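A.B. asks: Supplied structure: protein-v6.txt, compact mmCIF, C-alpha atoms and all ligand atoms.
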# COMPACT_ATOMS: atom_id res chain seq x y z
CA MET A 114 12.42 3.37 3.19
CA SER A 115 8.66 3.36 3.59
CA PRO A 116 6.33 3.30 0.60
CA HIS A 117 4.24 5.92 2.40
CA ARG A 118 6.75 8.71 2.78
CA TRP A 119 5.88 12.22 1.73
CA THR A 120 7.04 13.06 -1.77
CA ARG A 121 6.74 16.27 -3.72
CA ARG A 122 5.09 14.32 -6.54
CA ASN A 123 2.33 12.99 -4.30
CA VAL A 124 1.66 16.39 -2.82
CA LEU A 125 1.50 17.91 -6.29
CA LEU A 126 -0.92 15.19 -7.30
CA ALA A 127 -3.10 16.00 -4.30
CA GLY A 128 -2.88 19.70 -5.20
CA ALA A 129 -3.74 18.95 -8.81
CA ALA A 130 -6.79 17.01 -7.63
CA LEU A 131 -8.00 20.20 -6.03
CA GLY A 132 -7.65 22.10 -9.28
CA SER A 133 -5.89 25.06 -7.73
CA MET A 134 -3.85 26.13 -4.73
CA PRO A 135 -6.40 26.14 -1.92
CA LEU A 136 -5.13 29.12 0.04
CA ALA A 137 -5.80 32.74 -0.77
CA GLY A 138 -2.57 34.69 -1.32
CA ILE A 139 -0.34 31.61 -1.52
CA THR A 140 1.24 30.87 -4.87
CA ARG A 141 2.19 27.43 -6.20
CA GLU A 142 5.87 28.35 -5.81
CA GLN A 143 5.53 28.86 -2.08
CA ARG A 144 6.22 25.78 0.06
CA MET A 145 4.91 25.14 3.51
CA ILE A 146 7.58 25.52 6.18
CA THR A 147 9.02 22.12 7.16
CA ARG A 148 11.16 20.88 10.04
CA PRO A 149 13.43 17.82 10.13
CA ILE A 150 12.57 14.80 12.26
CA PRO A 151 15.80 14.52 14.29
CA ALA A 152 15.83 10.69 14.15
CA SER A 153 15.92 10.57 10.35
CA GLY A 154 16.25 14.03 8.81
CA GLU A 155 12.92 13.50 7.00
CA GLN A 156 11.16 16.85 6.61
CA LEU A 157 7.73 17.28 8.19
CA PRO A 158 5.41 20.17 7.23
CA VAL A 159 4.64 22.34 10.28
CA ILE A 160 0.83 22.34 9.99
CA GLY A 161 -1.01 19.06 10.45
CA LEU A 162 -4.52 17.97 11.43
CA GLY A 163 -5.96 16.65 14.69
CA THR A 164 -9.04 14.42 14.55
CA TYR A 165 -10.27 14.20 18.15
CA SER A 166 -14.07 14.49 18.11
CA VAL A 167 -14.15 16.29 14.71
CA PHE A 168 -13.59 13.03 12.72
CA ASP A 169 -15.83 10.94 14.96
CA VAL A 170 -18.65 10.79 12.42
CA GLU A 171 -20.72 8.19 10.64
CA SER A 172 -19.32 6.63 7.47
CA THR A 173 -21.98 8.15 5.22
CA PRO A 174 -20.98 9.61 1.81
CA LYS A 175 -21.84 13.11 3.07
CA GLN A 176 -19.74 12.88 6.25
CA ILE A 177 -16.79 11.17 4.55
CA GLY A 178 -16.97 13.70 1.69
CA SER A 179 -16.79 16.66 4.06
CA ARG A 180 -13.81 15.19 6.01
CA ARG A 181 -12.12 14.26 2.71
CA GLU A 182 -12.35 17.92 1.68
CA ILE A 183 -10.40 18.85 4.84
CA VAL A 184 -7.75 16.20 4.15
CA ASP A 185 -7.47 17.27 0.49
CA LEU A 186 -6.89 20.85 1.62
CA LEU A 187 -4.15 19.69 3.98
CA LEU A 188 -2.38 17.66 1.28
CA GLY A 189 -2.94 20.27 -1.41
CA ALA A 190 -1.15 22.89 0.69
CA GLY A 191 1.83 20.60 1.28
CA GLY A 192 0.83 19.38 4.75
CA ASN A 193 0.73 15.69 5.61
CA VAL A 194 0.43 14.93 9.35
CA ILE A 195 -2.92 13.45 10.44
CA ASP A 196 -3.15 12.55 14.13
CA THR A 197 -5.72 10.11 15.50
CA SER A 198 -6.20 7.43 18.15
CA PRO A 199 -8.34 4.38 18.87
CA MET A 200 -9.65 6.54 21.74
CA TYR A 201 -11.29 8.87 19.16
CA ASN A 202 -14.10 6.38 18.44
CA ARG A 203 -14.82 6.32 14.70
CA SER A 204 -11.93 8.61 13.61
CA GLU A 205 -9.53 5.87 12.47
CA ARG A 206 -12.27 4.24 10.43
CA VAL A 207 -13.12 7.61 8.85
CA ILE A 208 -9.47 8.06 7.83
CA GLY A 209 -9.63 4.58 6.27
CA ASP A 210 -12.79 5.54 4.40
CA ILE A 211 -11.12 8.72 3.12
CA ILE A 212 -8.20 6.63 1.82
CA SER A 213 -10.62 4.12 0.25
CA SER A 214 -12.38 7.02 -1.47
CA GLY A 215 -9.14 7.81 -3.32
CA ALA A 216 -7.18 10.25 -1.13
CA PRO A 217 -3.46 9.49 -1.68
CA ARG A 218 -2.21 7.48 1.30
CA ASP A 219 1.40 8.01 0.19
CA ALA A 220 1.06 11.76 0.66
CA MET A 221 -0.03 11.34 4.31
CA PHE A 222 1.98 10.96 7.48
CA ILE A 223 -0.41 9.02 9.71
CA ALA A 224 0.08 9.22 13.45
CA THR A 225 -2.03 7.12 15.76
CA LYS A 226 -1.74 5.80 19.28
CA VAL A 227 -1.96 2.73 21.43
CA TRP A 228 -4.31 3.14 24.37
CA THR A 229 -4.83 -0.04 26.34
CA ASP A 230 -3.07 -2.24 28.91
CA GLY A 231 -0.85 -5.22 28.22
CA ARG A 232 1.30 -6.47 25.37
CA ASP A 233 -1.26 -8.67 23.58
CA ALA A 234 -4.06 -6.08 23.78
CA GLY A 235 -1.63 -3.40 22.54
CA ILE A 236 -0.49 -5.41 19.52
CA GLU A 237 -4.08 -6.31 18.73
CA GLN A 238 -5.11 -2.65 18.92
CA MET A 239 -2.24 -1.46 16.72
CA THR A 240 -3.06 -4.14 14.14
CA ARG A 241 -6.71 -3.09 14.18
CA SER A 242 -5.73 0.58 13.70
CA ALA A 243 -3.78 -0.34 10.56
CA ASP A 244 -6.77 -2.34 9.26
CA LEU A 245 -9.26 0.43 10.01
CA MET A 246 -7.06 2.99 8.25
CA ASN A 247 -6.55 0.75 5.28
CA THR A 248 -2.76 0.99 5.53
CA ASP A 249 0.12 -1.49 5.74
CA VAL A 250 2.46 0.92 7.50
CA ILE A 251 1.70 3.41 10.27
CA ASP A 252 4.07 6.36 10.15
CA LEU A 253 4.03 7.17 13.86
CA MET A 254 2.74 5.03 16.74
CA GLN A 255 2.47 6.89 20.03
CA VAL A 256 1.75 5.60 23.53
CA HIS A 257 -1.41 7.54 24.40
CA ASN A 258 -1.23 9.42 27.71
CA LEU A 259 1.67 7.27 28.97
CA ARG A 260 -0.60 4.23 29.34
CA ASP A 261 1.56 1.13 29.88
CA THR A 262 4.51 2.96 28.29
CA GLU A 263 7.30 0.42 28.73
CA VAL A 264 5.27 -2.52 27.43
CA HIS A 265 3.95 -0.71 24.34
CA LEU A 266 7.25 0.95 23.43
CA GLN A 267 8.83 -2.49 23.35
CA SER A 268 6.09 -3.74 20.97
CA ILE A 269 6.37 -0.59 18.85
CA ARG A 270 10.11 -1.21 18.46
CA GLU A 271 9.46 -4.79 17.40
CA LEU A 272 6.89 -3.60 14.84
CA GLN A 273 9.42 -1.03 13.60
CA GLU A 274 11.86 -3.88 13.00
CA LEU A 275 9.16 -5.58 10.91
CA GLY A 276 8.56 -2.39 8.90
CA LYS A 277 5.00 -1.99 10.17
CA ILE A 278 5.67 1.25 12.05
CA ARG A 279 8.13 3.99 11.10
CA TYR A 280 8.50 6.11 14.27
CA SER A 281 7.79 5.75 18.00
CA GLY A 282 6.28 8.38 20.29
CA LEU A 283 4.75 9.31 23.63
CA THR A 284 1.83 11.68 24.19
CA HIS A 285 0.03 13.61 26.88
CA TYR A 286 -2.20 16.67 26.92
CA ARG A 287 -1.91 18.07 30.43
CA ALA A 288 0.86 20.05 32.10
CA GLY A 289 0.38 17.91 35.22
CA ALA A 290 1.89 14.99 33.27
CA HIS A 291 5.00 16.85 32.07
CA ASP A 292 7.22 15.58 34.91
CA ALA A 293 6.24 11.99 34.14
CA LEU A 294 6.76 12.64 30.42
CA GLU A 295 10.22 14.07 31.08
CA LYS A 296 11.17 10.97 33.04
CA SER A 297 9.87 8.66 30.29
CA VAL A 298 11.59 10.61 27.52
CA ARG A 299 14.92 10.35 29.36
CA GLU A 300 14.42 6.66 30.07
CA TYR A 301 12.95 5.36 26.80
CA ARG A 302 14.18 7.90 24.19
CA PRO A 303 11.12 7.91 21.87
CA GLN A 304 11.58 9.49 18.44
CA PHE A 305 8.54 11.78 18.92
CA LEU A 306 6.88 13.55 21.81
CA GLN A 307 3.34 14.92 21.52
CA ILE A 308 2.39 17.52 24.14
CA ASN A 309 0.11 20.47 24.85
CA TYR A 310 1.60 23.92 24.22
CA SER A 311 -0.09 27.18 23.28
CA LEU A 312 -0.35 30.83 24.26
CA ALA A 313 -2.75 29.65 26.98
CA GLU A 314 -0.65 26.69 28.22
CA ARG A 315 3.06 27.53 28.09
CA GLU A 316 4.42 25.10 30.70
CA ALA A 317 6.21 22.97 28.07
CA ASP A 318 8.70 25.72 27.27
CA ARG A 319 10.24 25.42 30.74
CA ARG A 320 11.59 21.90 30.55
CA LEU A 321 10.06 19.60 27.94
CA LEU A 322 10.70 21.61 24.79
CA PRO A 323 14.38 22.31 25.68
CA LEU A 324 14.76 18.62 26.61
CA ALA A 325 13.38 17.50 23.25
CA GLN A 326 15.85 19.79 21.50
CA GLU A 327 18.73 18.51 23.60
CA LEU A 328 17.91 14.83 23.00
CA GLY A 329 16.84 15.15 19.36
CA VAL A 330 13.18 14.25 19.78
CA ALA A 331 10.61 15.53 17.26
CA VAL A 332 7.74 17.45 18.89
CA ILE A 333 4.09 17.48 17.81
CA ILE A 334 1.90 20.02 19.60
CA ASN A 335 -1.68 19.18 20.55
CA ARG A 336 -4.43 21.49 21.91
CA PRO A 337 -2.97 24.51 20.04
CA TYR A 338 -6.21 26.45 20.62
CA GLN A 339 -6.73 24.96 24.09
CA ALA A 340 -9.60 23.01 22.50
CA GLY A 341 -11.09 26.28 21.15
CA SER A 342 -10.89 28.38 24.38
CA LEU A 343 -8.34 30.75 22.86
CA PHE A 344 -10.87 31.86 20.25
CA ARG A 345 -13.40 32.58 22.98
CA ALA A 346 -10.80 34.69 24.83
CA VAL A 347 -10.38 37.04 21.82
CA ARG A 348 -14.01 37.08 20.69
CA GLY A 349 -15.02 40.54 19.48
CA ARG A 350 -11.39 41.75 19.34
CA GLU A 351 -9.51 42.84 16.24
CA LEU A 352 -6.12 41.29 15.50
CA PRO A 353 -3.58 43.91 16.70
CA GLU A 354 -1.90 45.99 14.01
CA TRP A 355 1.58 44.81 15.11
CA ALA A 356 0.64 41.17 14.35
CA ARG A 357 -0.60 41.75 10.81
CA GLY A 358 2.86 41.34 9.30
CA PHE A 359 2.83 37.63 10.11
CA ALA A 360 -0.81 36.64 10.79
CA ALA A 361 -4.01 37.20 8.85
CA SER A 362 -6.30 35.77 11.54
CA TRP A 363 -6.44 34.82 15.21
CA GLY A 364 -5.91 31.18 14.25
CA GLN A 365 -2.66 32.03 12.48
CA PHE A 366 -1.60 34.23 15.41
CA PHE A 367 -2.03 31.29 17.82
CA LEU A 368 -0.40 28.71 15.53
CA LYS A 369 2.56 30.88 14.58
CA PHE A 370 3.35 31.40 18.26
CA ILE A 371 3.70 27.61 18.52
CA ILE A 372 5.67 26.86 15.37
CA SER A 373 8.08 29.75 15.99
CA HIS A 374 9.42 27.79 18.98
CA PRO A 375 12.60 26.14 17.67
CA ALA A 376 11.86 22.78 19.32
CA VAL A 377 8.49 22.37 17.60
CA THR A 378 8.28 20.10 14.57
CA CYS A 379 4.55 20.23 13.81
CA VAL A 380 1.22 21.40 15.25
CA ILE A 381 -2.08 19.54 14.82
CA PRO A 382 -5.13 21.81 15.17
CA ALA A 383 -8.40 19.87 14.90
CA THR A 384 -11.19 21.12 12.69
CA SER A 385 -14.45 19.94 11.15
CA LYS A 386 -14.62 22.91 8.76
CA PRO A 387 -12.84 23.44 5.44
CA GLN A 388 -12.64 27.23 5.97
CA HIS A 389 -10.88 26.66 9.31
CA MET A 390 -8.48 24.18 7.67
CA ARG A 391 -7.60 26.85 5.08
CA ASP A 392 -7.07 29.36 7.84
CA ASN A 393 -4.87 26.96 9.83
CA LEU A 394 -2.81 26.03 6.76
CA GLY A 395 -2.07 29.71 6.17
CA ALA A 396 0.07 29.61 9.33
CA GLY A 397 2.50 27.30 7.53
CA PHE A 398 3.62 30.07 5.18
CA GLY A 399 5.36 33.43 5.43
CA GLU A 400 7.09 35.21 8.31
CA LEU A 401 7.27 33.79 11.82
CA PRO A 402 7.40 35.94 14.96
CA ASP A 403 10.90 36.46 16.40
CA ALA A 404 11.77 36.19 20.12
CA ALA A 405 10.78 39.82 20.88
CA MET A 406 7.48 39.41 19.05
CA ARG A 407 6.78 36.18 20.92
CA GLU A 408 7.18 38.07 24.20
CA ARG A 409 4.73 40.68 22.98
CA MET A 410 2.22 37.94 22.07
CA ILE A 411 2.54 36.41 25.56
CA GLU A 412 2.01 39.81 27.17
CA PHE A 413 -1.02 40.49 24.97
CA VAL A 414 -2.73 37.19 25.81
CA GLY A 415 -1.82 37.59 29.50
CA GLU A 416 -3.79 40.84 29.59
CA LEU A 417 -6.98 39.45 28.05
N1 LIG A 501 -3.37 12.86 24.72
C1 LIG A 501 -3.28 13.10 23.45
O1 LIG A 501 -2.57 12.42 22.75
C2 LIG A 501 -4.06 14.24 22.87
C3 LIG A 501 -4.85 15.04 23.71
C4 LIG A 501 -5.51 16.14 23.14
C5 LIG A 501 -5.41 16.36 21.77
N2 LIG A 501 -4.67 15.53 20.97
C6 LIG A 501 -4.58 15.74 19.51
O2 LIG A 501 -4.44 17.12 19.26
C7 LIG A 501 -5.51 17.56 18.39
C8 LIG A 501 -5.84 19.02 18.66
O3 LIG A 501 -6.30 19.24 19.98
P1 LIG A 501 -7.85 19.48 20.33
O4 LIG A 501 -8.69 18.78 19.33
O5 LIG A 501 -8.02 19.12 21.76
O6 LIG A 501 -8.08 21.03 20.26
P2 LIG A 501 -7.60 22.32 19.37
O7 LIG A 501 -7.00 21.88 18.09
O8 LIG A 501 -6.81 23.17 20.30
O9 LIG A 501 -9.00 23.04 19.11
C9 LIG A 501 -9.96 22.49 18.29
C10 LIG A 501 -11.14 23.45 18.24
O10 LIG A 501 -10.77 24.65 17.55
C11 LIG A 501 -11.72 24.94 16.51
N3 LIG A 501 -10.95 25.49 15.37
C12 LIG A 501 -9.99 24.88 14.63
N4 LIG A 501 -9.47 25.72 13.72
C13 LIG A 501 -10.12 26.90 13.88
C14 LIG A 501 -10.03 28.16 13.21
N5 LIG A 501 -9.14 28.39 12.25
N6 LIG A 501 -10.88 29.16 13.60
C15 LIG A 501 -11.78 28.95 14.60
N7 LIG A 501 -11.91 27.79 15.28
C16 LIG A 501 -11.09 26.76 14.91
C17 LIG A 501 -12.37 23.62 16.17
O11 LIG A 501 -13.72 23.82 15.80
P3 LIG A 501 -14.22 23.65 14.26
O12 LIG A 501 -14.49 22.20 14.07
O13 LIG A 501 -15.44 24.52 14.27
O14 LIG A 501 -13.14 24.19 13.36
C18 LIG A 501 -12.31 22.86 17.50
O15 LIG A 501 -13.46 23.16 18.29
C19 LIG A 501 -6.61 16.56 18.69
O16 LIG A 501 -7.63 16.57 17.70
C20 LIG A 501 -5.82 15.28 18.76
O17 LIG A 501 -5.51 14.81 17.47
C21 LIG A 501 -3.98 14.49 21.52
Transcribe the structure of this file into structure tokens.
C.D. replies:
Amino acid sequence: MSPHRWTRRNVLLAGAALGSMPLAGITREQRMITRPIPASGEQLPVIGLGTYSVFDVESTPKQIGSRREIVDLLLGAGGNVIDTSPMYNRSERVIGDIISSGAPRDAMFIATKVWTDGRDAGIEQMTRSADLMNTDVIDLMQVHNLRDTEVHLQSIRELQELGKIRYSGLTHYRAGAHDALEKSVREYRPQFLQINYSLAEREADRRLLPLAQELGVAVIINRPYQAGSLFRAVRGRELPEWARGFAASWGQFFLKFIISHPAVTCVIPATSKPQHMRDNLGAGFGELPDAAMRERMIEFVGEL
């Protein structure tokens, strides 16, 4: 059992550090929706945090303080997944700085990636990621964009044996790679799959999401807002009346479409703004759209 697993106590401590529940309308008794990781049964909160570009900042007290506020909000609301990569320039170092500044590492589920060629370079990169993030154990190590998959998955499994990594995964962000991902998932059986899926990019629900369910692979969703394009598509529009029962904002509308898919374990919207983090976290609570409502959401976005 890892020393870094999510515990209610740690989350409460993070919440206490904030002084109050950070989300309007959410009481302390309400818990964020969680989903089990099929490989272990460990529960993962459905709303996490992506760090691509938004955590690529200088390690100044001001920049680290503002990113720490976002992480504190995540932990205070019962979330824990933070996704990064050595490809995201300074992001891993910034996560390390946030942990050094006192954010509770044990309350986080840190997911990073290996993005290089060859066994030695991969091991070196994974070791460096752990150093940069000031952590002994990385919760999830993913092969970034299927780069040298077989070689890195072998190393990841060896590092799992040593207790340095808890889970293995594969990622991609384009529908054009879904066939290759499907092949790799069948061949290598990772414990996690990270893919793009949103109201604007629904290709994953044809084959990959059902496959993950069938094989018992946890699914993390990237690009939930299509890197922000979905907000531009609804600019100037009011949230429809029929969506107000489950969403208080466009962000929650988009995220709840994703987490209401039964194969999805967690979604990782990226943000540089505390008010957007609050908004995103709100999607982890309350009602989720049912199958008929999901069809209505697809139709609505298709007509934009
Ligand atoms: N190959 C891979 O493994 C891969 C590829 C792509 C992405 N990812 C992971 O997935 C994460 C998410 O994907 P992404 O970063 O491409 O895009 P995204 O999460 O779909 O969109 C991020 C954009 O949405 C804005 N935003 C966030 N919350 C908002 C809100 N509530 N209201 C309005 N705007 C909001 C952010 O701007 P503000 O800063 O203004 O909030 C940012 O510009 C990445 O950060 C990364 O961790 C992995």
A.B. asks: So that each row is one residue of chain A with an atom at most 6 Å from ligand LIG 501 (chain A), can you give its shortest atom pair and the distance in Å to one decimal, using all atoms listed in the file, rows by chain and rising number, as CSV?
C.D. replies:
residue,atom,partner,partner_atom,distance
A:Gly163,CA,A:LIG501,O17,3.4
A:Thr164,CA,A:LIG501,O16,4.1
A:Tyr165,CA,A:LIG501,O16,3.6
A:Val167,CA,A:LIG501,O12,6.0
A:Asp196,CA,A:LIG501,O17,4.7
A:Thr197,CA,A:LIG501,O17,5.1
A:His257,CA,A:LIG501,O1,5.3
A:Asn258,CA,A:LIG501,N1,5.0
A:Thr284,CA,A:LIG501,O1,4.7
A:His285,CA,A:LIG501,N1,4.1
A:Tyr286,CA,A:LIG501,C3,4.5
A:Asn335,CA,A:LIG501,O2,3.7
A:Arg336,CA,A:LIG501,O8,3.3
A:Pro337,CA,A:LIG501,O8,4.1
A:Tyr338,CA,A:LIG501,O8,3.3
A:Gln339,CA,A:LIG501,O8,4.2
A:Ala340,CA,A:LIG501,O6,3.4
A:Gly341,CA,A:LIG501,O10,4.0
A:Gly364,CA,A:LIG501,N5,4.7
A:Ile381,CA,A:LIG501,C7,5.3
A:Pro382,CA,A:LIG501,O7,3.5
A:Ala383,CA,A:LIG501,O7,4.0
A:Thr384,CA,A:LIG501,O14,3.7
A:Ser385,CA,A:LIG501,O12,3.7
A:Lys386,CA,A:LIG501,O14,5.0
A:His389,CA,A:LIG501,N5,3.8
A:Asp392,CA,A:LIG501,N5,5.0
A:Asn393,CA,A:LIG501,N5,5.1
A.B. asks: From the set A:Gly289, A:Gly189, A:Gly282, A:Pro323, which residue has the shortest atom-to-atom contact distance to Arg302 (chain A), counting all atoms listed in the file?
C.D. replies: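 Looking at the shortest contact to Arg302 (chain A), the residue is A:Gly282.
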A.B. asks: A:Gly329, A:Gly215, A:Ala346, A:Glu274: which is nearest Arg299 (chain A), counting all atoms listed in the file?
C.D. replies: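 Closest to Arg299 (chain A) of all the choices is A:Gly329.
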A.B. asks: So how far away is CA of Gly276 (chain A) from CA of Asp249 (chain A), in Å?
C.D. replies: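 For CA of Asp249 (chain A) relative to CA of Gly276 (chain A), the distance reads 9.1 Å.
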A.B. asks: Report, in Å with one decimal, the straight-line distance from CA of Met390 (chain A) to CA of Leu186 (chain A).
C.D. replies: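 According to the coordinates, CA of Met390 (chain A) and CA of Leu186 (chain A) are separated by 7.1 Å.
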A.B. asks: I want to know what sits within 10 Å of Arg260 (chain A), based on all atoms listed in the file, with residues of the same chain fewer than 3 positions away left out; could you give that as a ChimeraX atom specification?
C.D. replies: /A:227-231,256-257,263-265,283-285
A.B. asks: Residues near Leu245 (chain A), anyone? I mean within 9 Å using only C-alpha atoms, not counting same-chain ones fewer than 2 positions away, as number ranges by chain.
C.D. replies: A: 205-210, 240-243, 247-248
A.B. asks: Could you please give me, as a list in words, the residues of protein, DNA or RNA lying at most 7 Å from (9.7, 22.2, 9.3) in the coordinate frame of the file, considering only C-alpha atoms?
C.D. replies: Ile146, Thr147, Arg148, Pro149, Gln156, Leu157, Pro158, Val159 and Thr378 of chain A
A.B. asks: Could you put an axis-aligned box around every listed atom of region 155-166 of chain A, padded by 4 Å on each side, and send me its centre and edge lengths in Å to one decimal, as AutoDock Vina command-line options?
C.D. replies:
--center_x -0.6 --center_y 17.9 --center_z 12.4 --size_x 35.0 --size_y 16.8 --size_z 19.5
A.B. asks: Taking all atoms listed in the file into account, which of A:Glu327, A:Glu171, A:Glu300, A:Asp318 comes nearest Thr262 (chain A)?
C.D. replies: A:Glu300
A.B. asks: Give me the residues within 9 Å of Leu306 (chain A) as number ranges by chain, counting all atoms listed in the file and dropping any in the same chain fewer than 4 places off.
C.D. replies: A: 255, 281-285, 294, 298, 325, 330-334
A.B. asks: Pick the closest to Arg345 (chain A) from A:Met221, A:Cys379, A:Ala404, A:Leu417: which is it, counting all atoms listed in the file?
C.D. replies: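 Of all the options, A:Leu417 lies closest to Arg345 (chain A).
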A.B. asks: When you count all atoms listed in the file, which of these residues is closest to Val347 (chain A): A:Leu368, A:Leu321, A:Val414, A:Ala293?
C.D. replies: A:Val414
A.B. asks: Just the number, please: distance in Å from CA of Ser297 (chain A) to CA of Lys226 (chain A), one decimal.
C.D. replies: 16.3 Å
A.B. asks: Output region 340-357 of chain A with N, CA and C atoms present, as a PDB file, in the coordinates of the input.
C.D. replies:
ATOM      1  N   ALA A 340      -8.302  23.589  22.882  1.00  0.00           N
ATOM      2  CA  ALA A 340      -9.600  23.010  22.500  1.00  0.00           C
ATOM      3  C   ALA A 340     -10.627  24.073  22.135  1.00  0.00           C
ATOM      4  N   GLY A 341     -10.171  25.221  21.624  1.00  0.00           N
ATOM      5  CA  GLY A 341     -11.090  26.280  21.150  1.00  0.00           C
ATOM      6  C   GLY A 341     -11.214  27.450  22.127  1.00  0.00           C
ATOM      7  N   SER A 342     -10.740  27.294  23.379  1.00  0.00           N
ATOM      8  CA  SER A 342     -10.890  28.380  24.380  1.00  0.00           C
ATOM      9  C   SER A 342     -10.191  29.664  23.961  1.00  0.00           C
ATOM     10  N   LEU A 343      -9.075  29.537  23.248  1.00  0.00           N
ATOM     11  CA  LEU A 343      -8.340  30.750  22.860  1.00  0.00           C
ATOM     12  C   LEU A 343      -9.186  31.657  21.968  1.00  0.00           C
ATOM     13  N   PHE A 344     -10.005  31.037  21.114  1.00  0.00           N
ATOM     14  CA  PHE A 344     -10.870  31.860  20.250  1.00  0.00           C
ATOM     15  C   PHE A 344     -11.917  32.599  21.087  1.00  0.00           C
ATOM     16  N   ARG A 345     -12.398  31.921  22.117  1.00  0.00           N
ATOM     17  CA  ARG A 345     -13.400  32.580  22.980  1.00  0.00           C
ATOM     18  C   ARG A 345     -12.769  33.753  23.722  1.00  0.00           C
ATOM     19  N   ALA A 346     -11.488  33.615  24.080  1.00  0.00           N
ATOM     20  CA  ALA A 346     -10.800  34.690  24.830  1.00  0.00           C
ATOM     21  C   ALA A 346     -10.642  35.968  23.990  1.00  0.00           C
ATOM     22  N   VAL A 347     -10.584  35.840  22.659  1.00  0.00           N
ATOM     23  CA  VAL A 347     -10.380  37.040  21.820  1.00  0.00           C
ATOM     24  C   VAL A 347     -11.659  37.427  21.061  1.00  0.00           C
ATOM     25  N   ARG A 348     -12.766  36.784  21.409  1.00  0.00           N
ATOM     26  CA  ARG A 348     -14.010  37.080  20.690  1.00  0.00           C
ATOM     27  C   ARG A 348     -14.320  38.574  20.726  1.00  0.00           C
ATOM     28  N   GLY A 349     -14.663  39.125  19.556  1.00  0.00           N
ATOM     29  CA  GLY A 349     -15.020  40.540  19.480  1.00  0.00           C
ATOM     30  C   GLY A 349     -13.819  41.474  19.370  1.00  0.00           C
ATOM     31  N   ARG A 350     -12.594  40.913  19.433  1.00  0.00           N
ATOM     32  CA  ARG A 350     -11.390  41.750  19.340  1.00  0.00           C
ATOM     33  C   ARG A 350     -10.773  41.673  17.952  1.00  0.00           C
ATOM     34  N   GLU A 351     -10.245  42.792  17.505  1.00  0.00           N
ATOM     35  CA  GLU A 351      -9.510  42.840  16.240  1.00  0.00           C
ATOM     36  C   GLU A 351      -8.098  42.309  16.472  1.00  0.00           C
ATOM     37  N   LEU A 352      -7.535  41.682  15.443  1.00  0.00           N
ATOM     38  CA  LEU A 352      -6.120  41.290  15.500  1.00  0.00           C
ATOM     39  C   LEU A 352      -5.292  42.570  15.625  1.00  0.00           C
ATOM     40  N   PRO A 353      -4.340  42.658  16.569  1.00  0.00           N
ATOM     41  CA  PRO A 353      -3.580  43.910  16.700  1.00  0.00           C
ATOM     42  C   PRO A 353      -2.772  44.236  15.438  1.00  0.00           C
ATOM     43  N   GLU A 354      -2.616  45.508  15.191  1.00  0.00           N
ATOM     44  CA  GLU A 354      -1.900  45.990  14.010  1.00  0.00           C
ATOM     45  C   GLU A 354      -0.485  45.387  13.929  1.00  0.00           C
ATOM     46  N   TRP A 355       0.198  45.288  15.086  1.00  0.00           N
ATOM     47  CA  TRP A 355       1.580  44.810  15.110  1.00  0.00           C
ATOM     48  C   TRP A 355       1.714  43.332  14.734  1.00  0.00           C
ATOM     49  N   ALA A 356       0.569  42.605  14.690  1.00  0.00           N
ATOM     50  CA  ALA A 356       0.640  41.170  14.350  1.00  0.00           C
ATOM     51  C   ALA A 356       0.331  40.931  12.872  1.00  0.00           C
ATOM     52  N   ARG A 357      -0.111  41.961  12.179  1.00  0.00           N
ATOM     53  CA  ARG A 357      -0.600  41.750  10.810  1.00  0.00           C
ATOM     54  C   ARG A 357       0.503  41.422   9.809  1.00  0.00           C
TER      55      ARG A 357
END
